[in-house]
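Enquirer: Data: target05.pdb, PDB, C-alpha atoms.
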MODEL        1
ATOM      1  CA  MET A 746      20.769  22.054   6.558
ATOM      2  CA  ALA A 747      24.410  21.069   6.055
ATOM      3  CA  LYS A 748      25.436  19.522   2.742
ATOM      4  CA  ALA A 749      26.346  16.207   4.399
ATOM      5  CA  GLU A 750      22.918  16.022   6.050
ATOM      6  CA  GLU A 751      21.213  16.676   2.713
ATOM      7  CA  ASN A 752      23.207  13.885   1.053
ATOM      8  CA  LEU A 753      22.326  11.417   3.818
ATOM      9  CA  ARG A 754      18.672  12.358   3.693
ATOM     10  CA  ASP A 755      18.471  12.049  -0.093
ATOM     11  CA  LYS A 756      20.090   8.594  -0.235
ATOM     12  CA  CYS A 757      17.806   5.624   0.134
ATOM     13  CA  ARG A 758      19.211   3.636   3.029
ATOM     14  CA  TRP A 759      17.456   0.426   2.044
ATOM     15  CA  SER A 760      15.195  -0.994  -0.598
ATOM     16  CA  LEU A 761      12.082  -3.160  -0.731
ATOM     17  CA  GLY A 762      12.598  -3.987  -4.396
ATOM     18  CA  GLY A 763      11.187  -7.433  -5.176
ATOM     19  CA  MET A 764       9.014  -7.424  -2.048
ATOM     20  CA  THR A 765       5.220  -7.528  -1.968
ATOM     21  CA  ALA A 766       2.959  -5.822   0.553
ATOM     22  CA  LEU A 767      -0.704  -5.770   1.513
ATOM     23  CA  VAL A 768      -1.945  -2.681   3.341
ATOM     24  CA  THR A 769      -5.542  -2.673   4.545
ATOM     25  CA  GLY A 770      -7.214   0.704   4.935
ATOM     26  CA  GLY A 771      -4.800   2.307   2.474
ATOM     27  CA  SER A 772      -6.973   5.004   0.907
ATOM     28  CA  LYS A 773      -6.466   7.748   3.500
ATOM     29  CA  GLY A 774      -4.500   8.877   6.504
ATOM     30  CA  LEU A 775      -1.864   6.587   7.943
ATOM     31  CA  GLY A 776      -2.747   3.756   5.559
ATOM     32  CA  GLU A 777      -2.227   5.962   2.515
ATOM     33  CA  ALA A 778       1.119   7.142   3.909
ATOM     34  CA  VAL A 779       2.227   3.529   4.494
ATOM     35  CA  VAL A 780       1.262   2.558   0.929
ATOM     36  CA  GLU A 781       3.269   5.462  -0.474
ATOM     37  CA  GLU A 782       6.324   4.768   1.691
ATOM     38  CA  LEU A 783       6.388   1.066   0.800
ATOM     39  CA  ALA A 784       5.927   1.848  -2.903
ATOM     40  CA  MET A 785       8.596   4.559  -2.771
ATOM     41  CA  LEU A 786      11.009   1.974  -1.342
ATOM     42  CA  GLY A 787      10.267  -0.311  -4.289
ATOM     43  CA  ALA A 788       7.668  -2.756  -3.001
ATOM     44  CA  ARG A 789       4.746  -3.900  -5.116
ATOM     45  CA  VAL A 790       1.749  -2.933  -2.997
ATOM     46  CA  HIS A 791      -1.877  -4.002  -2.915
ATOM     47  CA  THR A 792      -4.250  -2.028  -0.749
ATOM     48  CA  CYS A 793      -7.907  -2.220   0.044
ATOM     49  CA  ALA A 794     -10.528   0.057   1.526
ATOM     50  CA  ARG A 795     -14.284   0.219   1.784
ATOM     51  CA  ASN A 796     -14.656   3.369  -0.349
ATOM     52  CA  GLU A 797     -14.159   2.733  -4.079
ATOM     53  CA  THR A 798     -14.150   6.447  -4.981
ATOM     54  CA  GLN A 799     -11.312   7.171  -2.542
ATOM     55  CA  LEU A 800      -9.359   4.189  -3.862
ATOM     56  CA  GLN A 801      -9.718   5.394  -7.460
ATOM     57  CA  GLU A 802      -8.486   8.877  -6.484
ATOM     58  CA  CYS A 803      -5.476   7.350  -4.745
ATOM     59  CA  VAL A 804      -4.692   5.096  -7.713
ATOM     60  CA  ARG A 805      -4.551   8.116 -10.021
ATOM     61  CA  GLU A 806      -2.134   9.863  -7.653
ATOM     62  CA  TRP A 807       0.033   6.756  -7.218
ATOM     63  CA  GLN A 808       0.189   6.123 -10.959
ATOM     64  CA  ALA A 809       1.271   9.735 -11.509
ATOM     65  CA  LYS A 810       4.092   9.129  -9.023
ATOM     66  CA  GLY A 811       5.098   5.921 -10.799
ATOM     67  CA  PHE A 812       4.183   3.633  -7.884
ATOM     68  CA  GLU A 813       3.198   0.017  -8.498
ATOM     69  CA  VAL A 814      -0.027  -0.233  -6.484
ATOM     70  CA  THR A 815      -3.121  -2.347  -7.082
ATOM     71  CA  THR A 816      -6.365  -1.985  -5.171
ATOM     72  CA  SER A 817      -9.617  -3.671  -4.309
ATOM     73  CA  VAL A 818     -12.735  -2.712  -2.421
ATOM     74  CA  CYS A 819     -13.003  -4.725   0.764
ATOM     75  CA  ASP A 820     -14.497  -4.432   4.219
ATOM     76  CA  VAL A 821     -12.090  -6.529   6.272
ATOM     77  CA  SER A 822     -14.649  -6.887   9.060
ATOM     78  CA  SER A 823     -16.428  -9.336   6.716
ATOM     79  CA  ARG A 824     -14.942 -12.847   6.691
ATOM     80  CA  ASP A 825     -16.164 -13.488   3.132
ATOM     81  CA  GLN A 826     -14.585 -10.266   1.884
ATOM     82  CA  ARG A 827     -11.294 -11.040   3.686
ATOM     83  CA  GLU A 828     -11.176 -14.451   2.041
ATOM     84  CA  LYS A 829     -11.826 -12.913  -1.382
ATOM     85  CA  LEU A 830      -9.134 -10.296  -0.699
ATOM     86  CA  MET A 831      -6.575 -12.980   0.103
ATOM     87  CA  GLU A 832      -7.490 -14.899  -3.053
ATOM     88  CA  ASN A 833      -6.981 -11.721  -5.101
ATOM     89  CA  VAL A 834      -3.677 -10.903  -3.397
ATOM     90  CA  ALA A 835      -2.415 -14.466  -3.850
ATOM     91  CA  SER A 836      -3.233 -14.232  -7.550
ATOM     92  CA  ILE A 837      -1.693 -10.776  -8.045
ATOM     93  CA  PHE A 838       1.526 -11.654  -6.186
ATOM     94  CA  GLN A 839       1.717 -15.298  -7.372
ATOM     95  CA  GLY A 840       1.335 -16.529  -3.792
ATOM     96  CA  LYS A 841       4.158 -14.391  -2.391
ATOM     97  CA  LEU A 842       3.321 -11.895   0.374
ATOM     98  CA  ASN A 843       6.228 -10.425   2.328
ATOM     99  CA  ILE A 844       4.618  -7.569   4.249
ATOM    100  CA  LEU A 845       1.200  -7.202   5.862
ATOM    101  CA  VAL A 846       0.068  -3.913   7.391
ATOM    102  CA  SER A 847      -3.435  -4.020   8.831
ATOM    103  CA  LEU A 848      -4.804  -0.527   9.459
ATOM    104  CA  CYS A 849      -8.516  -0.773   9.935
ATOM    105  CA  ILE A 850      -9.724   1.979  12.168
ATOM    106  CA  ARG A 851     -13.446   2.436  12.642
ATOM    107  CA  ALA A 852     -14.784   5.831  13.535
TER     108      ALA A 852
ENDMDL
END
Take the structure in this file and express it as structure tokens.
Expert:
Amino acid sequence: MAKAEENLRDKCRWSLGGMTALVTGGSKGLGEAVVEELAMLGARVHTCARNETQLQECVREWQAKGFEVTTSVCDVSSRDQREKLMENVASIFQGKLNILVSLCIRA
């Protein structure tokens, strides 16, 4: 790779500093990648998933990387759980949500 290409690739072209994001289904696959990308760009991210063990594993990895990510266990197919999730997110982000990524894929 040419030096100029390396420099372009290494520079962050834009930032999400000061932004907040909610990513559903963020404990694996595409959802996990979205959480990491948003956090890497500076967003404060909250993610949820149905599996608490997977979420805890992800949190440890994200903390080690210095990402600001909070989590909660939630099955977004449940209206009651979605409402609770939104209450939690509103509290965590003081009512400010800039980005919503809904990745709920059922096998």
Enquirer: Give as a count of residues only the set of residues within 10 Å of the point (-1.7, 6.7, -0.3), where distances use the file's coordinates and only C-alpha atoms.
Expert: 24
Enquirer: How would you write, as a ChimeraX atom specification, the residues chosen by the PyMOL selection byres ((chain A and resi 763) around 9) on this structure?
Expert: /A:760-762,764-765,787-789
Enquirer: A:Ile844, A:Phe812, A:Arg758, A:Ala835: which is nearest A:Met785, counting only C-alpha atoms?
Expert: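 Ranked by minimum distance to A:Met785, first place goes to A:Phe812.
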Enquirer: I'd like the interatomic distance between atom CA of A:Glu813 and atom CA of A:Asp825, to a tenth of an Å.
Expert: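 These two atoms are separated by 26.3 Å.
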Enquirer: Residues of stretch 748-834 of chain A that approach stretch 838-842 of chain A to 10 Å or less, counting all atoms listed in the file: could you list each one with the shortest pair of atoms and its distance in Å to one decimal, rows by chain and increasing residue number, as a tab-separated table?
Expert:
residue	atom	partner	partner_atom	distance
A:Met764	CA	A:Leu842	CA	7.6
A:Thr765	CA	A:Leu842	CA	5.3
A:Ala766	CA	A:Leu842	CA	6.1
A:Leu767	CA	A:Leu842	CA	7.4
A:Arg789	CA	A:Phe838	CA	8.5
A:Val790	CA	A:Phe838	CA	9.3
A:His791	CA	A:Phe838	CA	9.0
A:Met831	CA	A:Gly840	CA	9.5
A:Glu832	CA	A:Gly840	CA	9.0
A:Asn833	CA	A:Phe838	CA	8.6
A:Val834	CA	A:Phe838	CA	6.0
Enquirer: Calculate how many Å separate atom CA of A:Ser847 from atom CA of A:Val821, rounding to one decimal.
Expert: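 For atom CA of A:Ser847 relative to atom CA of A:Val821, the distance reads 9.4 Å.
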Enquirer: Taking into account only C-alpha atoms, which residue in the set A:Ile837, A:Leu848, A:Leu786, A:Leu830 is nearest to A:Thr815?
Expert: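 Smallest separation from A:Thr815 among the options: A:Ile837.
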Enquirer: Using all atoms listed in the file, which protein or nucleic acid residues come within 7 Å of A:Cys793? Drop anything in the same chain fewer than 4 positions from it, and give the result as a ChimeraX atom specification.
Expert: /A:768-771,816-819
Enquirer: Report, in Å to a single decimal, how far apart atom CA of A:Arg805 and atom CA of A:Asn843 are.
Expert: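 Atom CA of A:Arg805 lies at a distance of 24.7 Å from atom CA of A:Asn843.
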Enquirer: Pick from A:Arg795, A:Gly811, A:Trp759, A:Glu828: nearest to A:Cys849, with only C-alpha atoms counted?
Expert: A:Arg795
